[in-house]
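Here's the structure we're looking at; comments come further down.
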Amino acid sequence: MSLFNVEEFRLARKETLQFLTKETKNFTPEILIILGTGLGHLATHIQVEHQIDYEVIPHFPLSTVESHSGKLLFGTLSGKKVVAMQGRFHYYEGYAMHQIVFPVRALFAMGAKTLFVSNACGGVNPIYEKAQLMLIDDHINMIGDNPLIGPNDNELGPRFPDMSEPYTKELGKIAEECALELGIKLHKGVYAAVSGPNMETRAEYRFLRTIGADVVGMSTIPEVIAANHMGMKVLGFSVITDMGLPDALEAVAIEDVLASAAKAQPNLTKLIEKILDRI
């Protein structure tokens, strides 16, 4: 697909929508859930009606990250009709921004008007600890690219979308109330995204903390920008899998990241289920 051909994008979305609608027998999801690195546990709680591999979906990218399954799950969770992405796409995989956000746009067209997004991240706020959760209140885009660059598709949203509330405050308030009721520690802070795939240097962690970041990761913001462009409600969570404290920095292996994500998964699952009960 060409970055500068709006009609080509529209045709691709239409073909994807037609395929998914046929395969799911006109299933209409209310909520899209994107499951980040090591956070696939929630998928086991979904009453799955349809499961589709990314590789058979027209125009869908393929996830190259080992911890991402690469499936769409359509079903119910806490009484809500959901579609869950087991595996997302990253800038560091070599995908263009329009490819990264293509699934969000296609599933919005299918009916999903709310986005729940999660990610694994490094903590740069020293009061955070590994395996804790953070409600994303705002973000800083340090990836160096944006999914809205290029001609605007007016069918999706305005040329200059507002970003004064990228994460829906109403949903965030519900999340905080649910976490309190469940006794789950839930920080609230700012997520910064960088391109990756390498971890940050000591100087970079120090810089990110200085400009206001509480955690840093390599995803999420492109999808959130695309969701805001289309007027979706957004709720975001970060799972702190390692600590990026420049004066006490330790080497991080992907195995450590996955282990921390696995430790946090039960709490994130309980929290999302309770939020879905509430909304």
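Every chain in the structure tokens takes a letter, A first, then B, and so on in the order presented; its residues are numbered from 1, and the ligands are numbered from 1 following the presented order.
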
Practice prompt. Please provide the set of residues having any atom within 10 Å of segment 161-175 of chain A, restricted to only C-alpha atoms, with same-chain residues fewer than 2 positions apart removed, written as JSON, numbers by chain.
Written response: {"A": [114, 115, 116, 135, 136, 137, 138, 139, 148, 157, 158, 159, 177, 178, 179, 180, 181, 186, 188, 221, 224, 225, 226, 227, 228, 229, 230, 231, 232, 233, 234, 235, 236, 237, 271, 272, 274, 275, 276, 278, 279]}

Same residues, N, CA and C atoms, saved as a compact mmCIF listing (two decimals), in the first residue's frame:
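Wrote it out as again-v3.txt, contents follow:
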# COMPACT_ATOMS: atom_id res chain seq x y z
N THR A 114 -14.33 1.62 21.32
CA THR A 114 -13.49 1.82 22.49
C THR A 114 -12.25 0.96 22.37
N LEU A 115 -11.10 1.52 22.73
CA LEU A 115 -9.83 0.81 22.67
C LEU A 115 -9.24 0.65 24.07
N PHE A 116 -8.98 -0.60 24.45
CA PHE A 116 -8.19 -0.90 25.64
C PHE A 116 -6.82 -1.34 25.14
N LEU A 135 -1.70 3.18 35.08
CA LEU A 135 -2.73 3.72 34.21
C LEU A 135 -2.09 4.85 33.40
N ILE A 136 -2.19 4.77 32.08
CA ILE A 136 -1.59 5.81 31.24
C ILE A 136 -2.49 7.03 31.23
N ASP A 137 -1.97 8.12 31.75
CA ASP A 137 -2.71 9.38 31.82
C ASP A 137 -2.40 10.29 30.64
N ASP A 138 -1.20 10.14 30.08
CA ASP A 138 -0.77 10.97 28.97
C ASP A 138 0.45 10.30 28.34
N HIS A 139 0.90 10.81 27.22
CA HIS A 139 2.07 10.19 26.60
C HIS A 139 2.96 11.22 25.91
N LEU A 148 -0.41 9.75 11.22
CA LEU A 148 -1.26 10.70 10.50
C LEU A 148 -0.49 11.50 9.46
N GLY A 157 -11.10 10.93 10.11
CA GLY A 157 -11.08 12.00 11.10
C GLY A 157 -10.49 13.27 10.52
N PRO A 158 -10.36 14.32 11.34
CA PRO A 158 -9.90 15.63 10.87
C PRO A 158 -8.40 15.68 10.60
N ARG A 159 -7.98 16.63 9.83
CA ARG A 159 -6.57 16.82 9.51
C ARG A 159 -5.72 17.06 10.76
N GLU A 177 -11.05 3.45 40.36
CA GLU A 177 -12.03 2.97 41.35
C GLU A 177 -12.00 1.45 41.44
N CYS A 178 -11.92 0.79 40.28
CA CYS A 178 -11.90 -0.68 40.25
C CYS A 178 -10.63 -1.23 40.89
N ALA A 179 -9.50 -0.58 40.63
CA ALA A 179 -8.24 -1.02 41.22
C ALA A 179 -8.29 -0.91 42.74
N LEU A 180 -8.89 0.17 43.24
CA LEU A 180 -9.01 0.38 44.68
C LEU A 180 -9.88 -0.71 45.30
N GLU A 181 -10.98 -1.02 44.64
CA GLU A 181 -11.88 -2.06 45.15
C GLU A 181 -11.22 -3.44 45.16
N LEU A 186 -2.20 0.67 41.56
CA LEU A 186 -2.27 1.22 40.21
C LEU A 186 -1.70 2.63 40.21
N LYS A 188 -0.50 6.13 38.25
CA LYS A 188 -1.02 6.90 37.12
C LYS A 188 0.10 7.80 36.63
N ILE A 221 1.59 4.27 21.35
CA ILE A 221 1.23 5.64 20.95
C ILE A 221 0.71 5.71 19.51
N VAL A 224 -2.90 4.71 19.67
CA VAL A 224 -3.70 5.69 20.40
C VAL A 224 -3.95 6.94 19.56
N ILE A 225 -2.94 7.38 18.82
CA ILE A 225 -3.12 8.52 17.93
C ILE A 225 -4.19 8.21 16.88
N ALA A 226 -4.10 7.03 16.27
CA ALA A 226 -5.09 6.64 15.26
C ALA A 226 -6.49 6.53 15.86
N ALA A 227 -6.57 6.01 17.08
CA ALA A 227 -7.87 5.88 17.76
C ALA A 227 -8.47 7.25 18.04
N ASN A 228 -7.66 8.18 18.53
CA ASN A 228 -8.14 9.53 18.79
C ASN A 228 -8.58 10.22 17.51
N HIS A 229 -7.85 9.99 16.43
CA HIS A 229 -8.19 10.57 15.13
C HIS A 229 -9.60 10.16 14.71
N MET A 230 -10.00 8.92 15.06
CA MET A 230 -11.31 8.41 14.67
C MET A 230 -12.38 8.64 15.73
N GLY A 231 -12.01 9.24 16.88
CA GLY A 231 -12.98 9.54 17.92
C GLY A 231 -13.26 8.39 18.87
N MET A 232 -12.36 7.41 18.94
CA MET A 232 -12.54 6.29 19.86
C MET A 232 -12.25 6.72 21.30
N LYS A 233 -12.90 6.07 22.26
CA LYS A 233 -12.52 6.20 23.66
C LYS A 233 -11.32 5.29 23.89
N VAL A 234 -10.40 5.71 24.77
CA VAL A 234 -9.16 4.96 24.96
C VAL A 234 -8.85 4.80 26.44
N LEU A 235 -8.46 3.58 26.81
CA LEU A 235 -7.97 3.28 28.15
C LEU A 235 -6.66 2.52 27.99
N GLY A 236 -5.61 2.98 28.67
CA GLY A 236 -4.30 2.37 28.50
C GLY A 236 -3.64 1.96 29.80
N PHE A 237 -2.96 0.81 29.76
CA PHE A 237 -2.22 0.32 30.92
C PHE A 237 -0.80 -0.06 30.52
N LEU A 271 -8.47 -6.62 36.71
CA LEU A 271 -8.81 -5.21 36.61
C LEU A 271 -9.63 -4.93 35.34
N ILE A 272 -9.19 -5.45 34.21
CA ILE A 272 -9.92 -5.22 32.96
C ILE A 272 -11.31 -5.84 33.00
N LYS A 274 -13.18 -6.29 35.63
CA LYS A 274 -14.04 -5.48 36.51
C LYS A 274 -14.44 -4.17 35.83
N ILE A 275 -13.51 -3.58 35.09
CA ILE A 275 -13.84 -2.35 34.36
C ILE A 275 -14.93 -2.64 33.34
N LEU A 276 -14.82 -3.75 32.63
CA LEU A 276 -15.83 -4.11 31.63
C LEU A 276 -17.18 -4.34 32.29
N ARG A 278 -18.23 -2.68 34.73
CA ARG A 278 -18.70 -1.38 35.20
C ARG A 278 -19.19 -0.48 34.06
N ILE A 279 -18.63 -0.64 32.90
CA ILE A 279 -18.98 0.31 31.82
C ILE A 279 -20.16 -0.20 30.98

Item to complete: Please run DSSP on the backbone and report, as an MDAnalysis selection string, all residues within segment 173-229 of chain A that come out as helix (DSSP H, G or I).
Response: chainID A and resid 173:182 202:210 221:229

For the selection just defined, write its residues with N, CA and C atoms to a file, as an mmCIF file, in the first residue's frame.
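And here's part_33.cif as it stands now:
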data_model
loop_
_atom_site.group_PDB
_atom_site.id
_atom_site.type_symbol
_atom_site.label_atom_id
_atom_site.label_comp_id
_atom_site.auth_asym_id
_atom_site.auth_seq_id
_atom_site.Cartn_x
_atom_site.Cartn_y
_atom_site.Cartn_z
ATOM 1 N N LYS A 173 -10.964 7.127 35.409
ATOM 2 C CA LYS A 173 -11.548 7.221 36.753
ATOM 3 C C LYS A 173 -12.158 5.889 37.169
ATOM 4 N N ILE A 174 -12.857 5.240 36.248
ATOM 5 C CA ILE A 174 -13.440 3.924 36.533
ATOM 6 C C ILE A 174 -12.335 2.919 36.849
ATOM 7 N N ALA A 175 -11.244 2.973 36.088
ATOM 8 C CA ALA A 175 -10.124 2.054 36.309
ATOM 9 C C ALA A 175 -9.533 2.246 37.706
ATOM 10 N N GLU A 176 -9.379 3.488 38.133
ATOM 11 C CA GLU A 176 -8.823 3.753 39.461
ATOM 12 C C GLU A 176 -9.755 3.247 40.559
ATOM 13 N N GLU A 177 -11.051 3.450 40.363
ATOM 14 C CA GLU A 177 -12.027 2.968 41.349
ATOM 15 C C GLU A 177 -12.005 1.449 41.437
ATOM 16 N N CYS A 178 -11.920 0.790 40.277
ATOM 17 C CA CYS A 178 -11.903 -0.677 40.251
ATOM 18 C C CYS A 178 -10.635 -1.225 40.892
ATOM 19 N N ALA A 179 -9.499 -0.580 40.630
ATOM 20 C CA ALA A 179 -8.239 -1.021 41.221
ATOM 21 C C ALA A 179 -8.290 -0.908 42.743
ATOM 22 N N LEU A 180 -8.888 0.172 43.237
ATOM 23 C CA LEU A 180 -9.009 0.380 44.676
ATOM 24 C C LEU A 180 -9.878 -0.709 45.301
ATOM 25 N N GLU A 181 -10.977 -1.020 44.645
ATOM 26 C CA GLU A 181 -11.878 -2.060 45.153
ATOM 27 C C GLU A 181 -11.216 -3.438 45.161
ATOM 28 N N LEU A 182 -10.345 -3.683 44.184
ATOM 29 C CA LEU A 182 -9.673 -4.979 44.085
ATOM 30 C C LEU A 182 -8.401 -5.054 44.924
ATOM 31 N N ARG A 202 21.882 4.953 29.896
ATOM 32 C CA ARG A 202 21.678 5.693 31.148
ATOM 33 C C ARG A 202 21.283 7.142 30.867
ATOM 34 N N ALA A 203 21.958 7.744 29.904
ATOM 35 C CA ALA A 203 21.656 9.142 29.580
ATOM 36 C C ALA A 203 20.247 9.290 29.019
ATOM 37 N N GLU A 204 19.822 8.319 28.230
ATOM 38 C CA GLU A 204 18.475 8.378 27.669
ATOM 39 C C GLU A 204 17.415 8.216 28.752
ATOM 40 N N TYR A 205 17.619 7.281 29.691
ATOM 41 C CA TYR A 205 16.680 7.154 30.808
ATOM 42 C C TYR A 205 16.607 8.452 31.596
ATOM 43 N N ARG A 206 17.749 9.064 31.840
ATOM 44 C CA ARG A 206 17.773 10.319 32.605
ATOM 45 C C ARG A 206 17.022 11.414 31.854
ATOM 46 N N PHE A 207 17.228 11.474 30.532
ATOM 47 C CA PHE A 207 16.536 12.459 29.696
ATOM 48 C C PHE A 207 15.027 12.249 29.737
ATOM 49 N N LEU A 208 14.591 11.001 29.604
ATOM 50 C CA LEU A 208 13.162 10.700 29.594
ATOM 51 C C LEU A 208 12.500 11.093 30.908
ATOM 52 N N ARG A 209 13.179 10.834 32.006
ATOM 53 C CA ARG A 209 12.634 11.233 33.309
ATOM 54 C C ARG A 209 12.564 12.752 33.413
ATOM 55 N N THR A 210 13.571 13.428 32.885
ATOM 56 C CA THR A 210 13.627 14.886 32.955
ATOM 57 C C THR A 210 12.479 15.534 32.185
ATOM 58 N N ILE A 221 1.587 4.270 21.353
ATOM 59 C CA ILE A 221 1.235 5.636 20.947
ATOM 60 C C ILE A 221 0.708 5.706 19.513
ATOM 61 N N PRO A 222 1.278 5.001 18.543
ATOM 62 C CA PRO A 222 0.675 5.057 17.192
ATOM 63 C C PRO A 222 -0.784 4.637 17.180
ATOM 64 N N GLU A 223 -1.110 3.538 17.882
ATOM 65 C CA GLU A 223 -2.498 3.074 17.920
ATOM 66 C C GLU A 223 -3.413 4.082 18.611
ATOM 67 N N VAL A 224 -2.902 4.714 19.666
ATOM 68 C CA VAL A 224 -3.701 5.689 20.403
ATOM 69 C C VAL A 224 -3.945 6.938 19.561
ATOM 70 N N ILE A 225 -2.936 7.376 18.820
ATOM 71 C CA ILE A 225 -3.121 8.523 17.927
ATOM 72 C C ILE A 225 -4.193 8.209 16.876
ATOM 73 N N ALA A 226 -4.103 7.029 16.269
ATOM 74 C CA ALA A 226 -5.092 6.636 15.258
ATOM 75 C C ALA A 226 -6.485 6.533 15.865
ATOM 76 N N ALA A 227 -6.571 6.006 17.084
ATOM 77 C CA ALA A 227 -7.868 5.884 17.756
ATOM 78 C C ALA A 227 -8.469 7.254 18.042
ATOM 79 N N ASN A 228 -7.657 8.181 18.529
ATOM 80 C CA ASN A 228 -8.143 9.530 18.790
ATOM 81 C C ASN A 228 -8.583 10.218 17.506
ATOM 82 N N HIS A 229 -7.852 9.992 16.433
ATOM 83 C CA HIS A 229 -8.194 10.571 15.134
ATOM 84 C C HIS A 229 -9.604 10.161 14.707
#

Worksheet item: Met85 of chain A: which residues within 8 Å, counting only C-alpha atoms, same-chain residues fewer than 4 positions away excluded, as a VMD selection string?
Response: chain A and resid 32 to 35 70 to 73

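Take atom CA of Glu7 of chain A and atom CA of Asn26 of chain A: the distance between them is 24.6 Å.
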
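For the pair atom CA of Lys25 of chain A and atom CA of Gln86 of chain A, the separation is 20.5 Å.
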
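Using only C-alpha atoms, the nearest neighbour of Phe9 of chain A within the list A:Asp153, A:Glu255, A:Glu250, A:Asp214 is A:Asp153.
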
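The smallest atom-to-atom distance between Val194 of chain A and any of A:Tyr92, A:Gln265, A:Leu133, A:Met243, using only C-alpha atoms, is found for A:Tyr92.
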
Item to complete: Name the residues in contact with segment 10-23 of chain A at a cut-off of 9 Å, using only C-alpha atoms, excluding same-chain residues fewer than 2 positions from it; report them as a ChimeraX atom specification.
Response: /A:1,5-8,25-28,50,52,57-60,102-103,105-107,109-110,153,155

Worksheet entry | Proximity to Phe74 of chain A - best of A:Val215, A:Val101, A:Ala261, A:Ala43, only C-alpha atoms | A:Ala43

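Taking atom CA of Thr76 of chain A as the reference point, atom CA of Ile46 of chain A is found at 5.7 Å.
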
Would you list the contacts of Ser219 of chain A as a PDB file with C-alpha atoms, in the first residue's frame, taking every protein, DNA or RNA residue within 12 Å and counting only C-alpha atoms, but skipping same-chain residues closer than 4 positions in sequence?
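Listing of out03.pdb after writing:
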ATOM      1  CA  ILE A  34      -4.614  -4.871  22.274  1.00  0.00           C
ATOM      2  CA  LEU A  35      -2.539  -7.250  24.387  1.00  0.00           C
ATOM      3  CA  GLY A  36       1.079  -6.220  24.751  1.00  0.00           C
ATOM      4  CA  THR A  37       4.256  -8.243  25.292  1.00  0.00           C
ATOM      5  CA  GLY A  87       0.137  -9.472  19.123  1.00  0.00           C
ATOM      6  CA  ARG A  88       0.685  -5.973  17.799  1.00  0.00           C
ATOM      7  CA  PHE A  89       3.067  -4.393  15.322  1.00  0.00           C
ATOM      8  CA  HIS A  90       6.062  -2.225  16.132  1.00  0.00           C
ATOM      9  CA  TYR A  91       8.043   0.436  14.333  1.00  0.00           C
ATOM     10  CA  TYR A  92      11.254  -1.480  15.072  1.00  0.00           C
ATOM     11  CA  GLU A  93       9.971  -4.477  13.114  1.00  0.00           C
ATOM     12  CA  MET A  97       3.102   3.708  10.689  1.00  0.00           C
ATOM     13  CA  ILE A 100       0.998  -0.484  12.499  1.00  0.00           C
ATOM     14  CA  VAL A 101      -2.385   1.194  12.912  1.00  0.00           C
ATOM     15  CA  VAL A 117      -4.440  -1.002  25.119  1.00  0.00           C
ATOM     16  CA  SER A 118      -1.675  -2.545  27.205  1.00  0.00           C
ATOM     17  CA  ASN A 119       2.100  -2.728  26.981  1.00  0.00           C
ATOM     18  CA  ALA A 120       5.217  -3.870  28.786  1.00  0.00           C
ATOM     19  CA  CYS A 121       7.504  -0.996  29.725  1.00  0.00           C
ATOM     20  CA  HIS A 139       2.074  10.195  26.598  1.00  0.00           C
ATOM     21  CA  ILE A 140       5.176  11.560  24.871  1.00  0.00           C
ATOM     22  CA  ASN A 141       5.847  10.421  21.311  1.00  0.00           C
ATOM     23  CA  MET A 142       9.610   9.967  20.881  1.00  0.00           C
ATOM     24  CA  ILE A 143       9.345   7.417  18.061  1.00  0.00           C
ATOM     25  CA  ASP A 145       7.075   9.264  13.282  1.00  0.00           C
ATOM     26  CA  ASN A 146       3.301   9.597  13.298  1.00  0.00           C
ATOM     27  CA  TYR A 191       4.131   6.829  28.949  1.00  0.00           C
ATOM     28  CA  ALA A 192       6.947   7.684  26.528  1.00  0.00           C
ATOM     29  CA  ALA A 193       7.457   5.644  23.367  1.00  0.00           C
ATOM     30  CA  VAL A 194      10.775   5.310  21.540  1.00  0.00           C
ATOM     31  CA  SER A 195      11.519   3.426  18.347  1.00  0.00           C
ATOM     32  CA  GLY A 196      13.585   0.576  19.868  1.00  0.00           C
ATOM     33  CA  PRO A 197      14.438  -2.258  19.636  1.00  0.00           C
ATOM     34  CA  VAL A 215       7.703   4.741  31.960  1.00  0.00           C
ATOM     35  CA  GLU A 223      -2.498   3.074  17.920  1.00  0.00           C
ATOM     36  CA  VAL A 224      -3.701   5.689  20.403  1.00  0.00           C
ATOM     37  CA  ILE A 225      -3.121   8.523  17.927  1.00  0.00           C
ATOM     38  CA  GLY A 236      -4.301   2.366  28.496  1.00  0.00           C
ATOM     39  CA  PHE A 237      -2.215   0.321  30.923  1.00  0.00           C
ATOM     40  CA  SER A 238       1.514  -0.239  31.231  1.00  0.00           C
TER      41      SER A 238
END

Item to complete: Could you pull out the residues in segment 142-236 of chain A that DSSP calls strand (DSSP E or B) from the backbone, as a PyMOL selection string?
Response: chain A and resi 186-193+215-217+233-236

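Proximity to Ala251 of chain A was assessed for A:Val190, A:Met199, A:Ile211, A:Val56 counting only C-alpha atoms; the smallest distance is recorded for A:Met199.
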
Discussion item. Ranking A:Gln47, A:Gln99, A:Gln132, A:Thr220 by minimum distance to Leu268 of chain A and counting only C-alpha atoms, which one comes first?
Written reply: A:Gln132

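Shortest separation to Ala259 of chain A among A:Leu39, A:Val124, A:Ile31, A:Ala112 occurs at residue A:Leu39, atoms counted being only C-alpha atoms.
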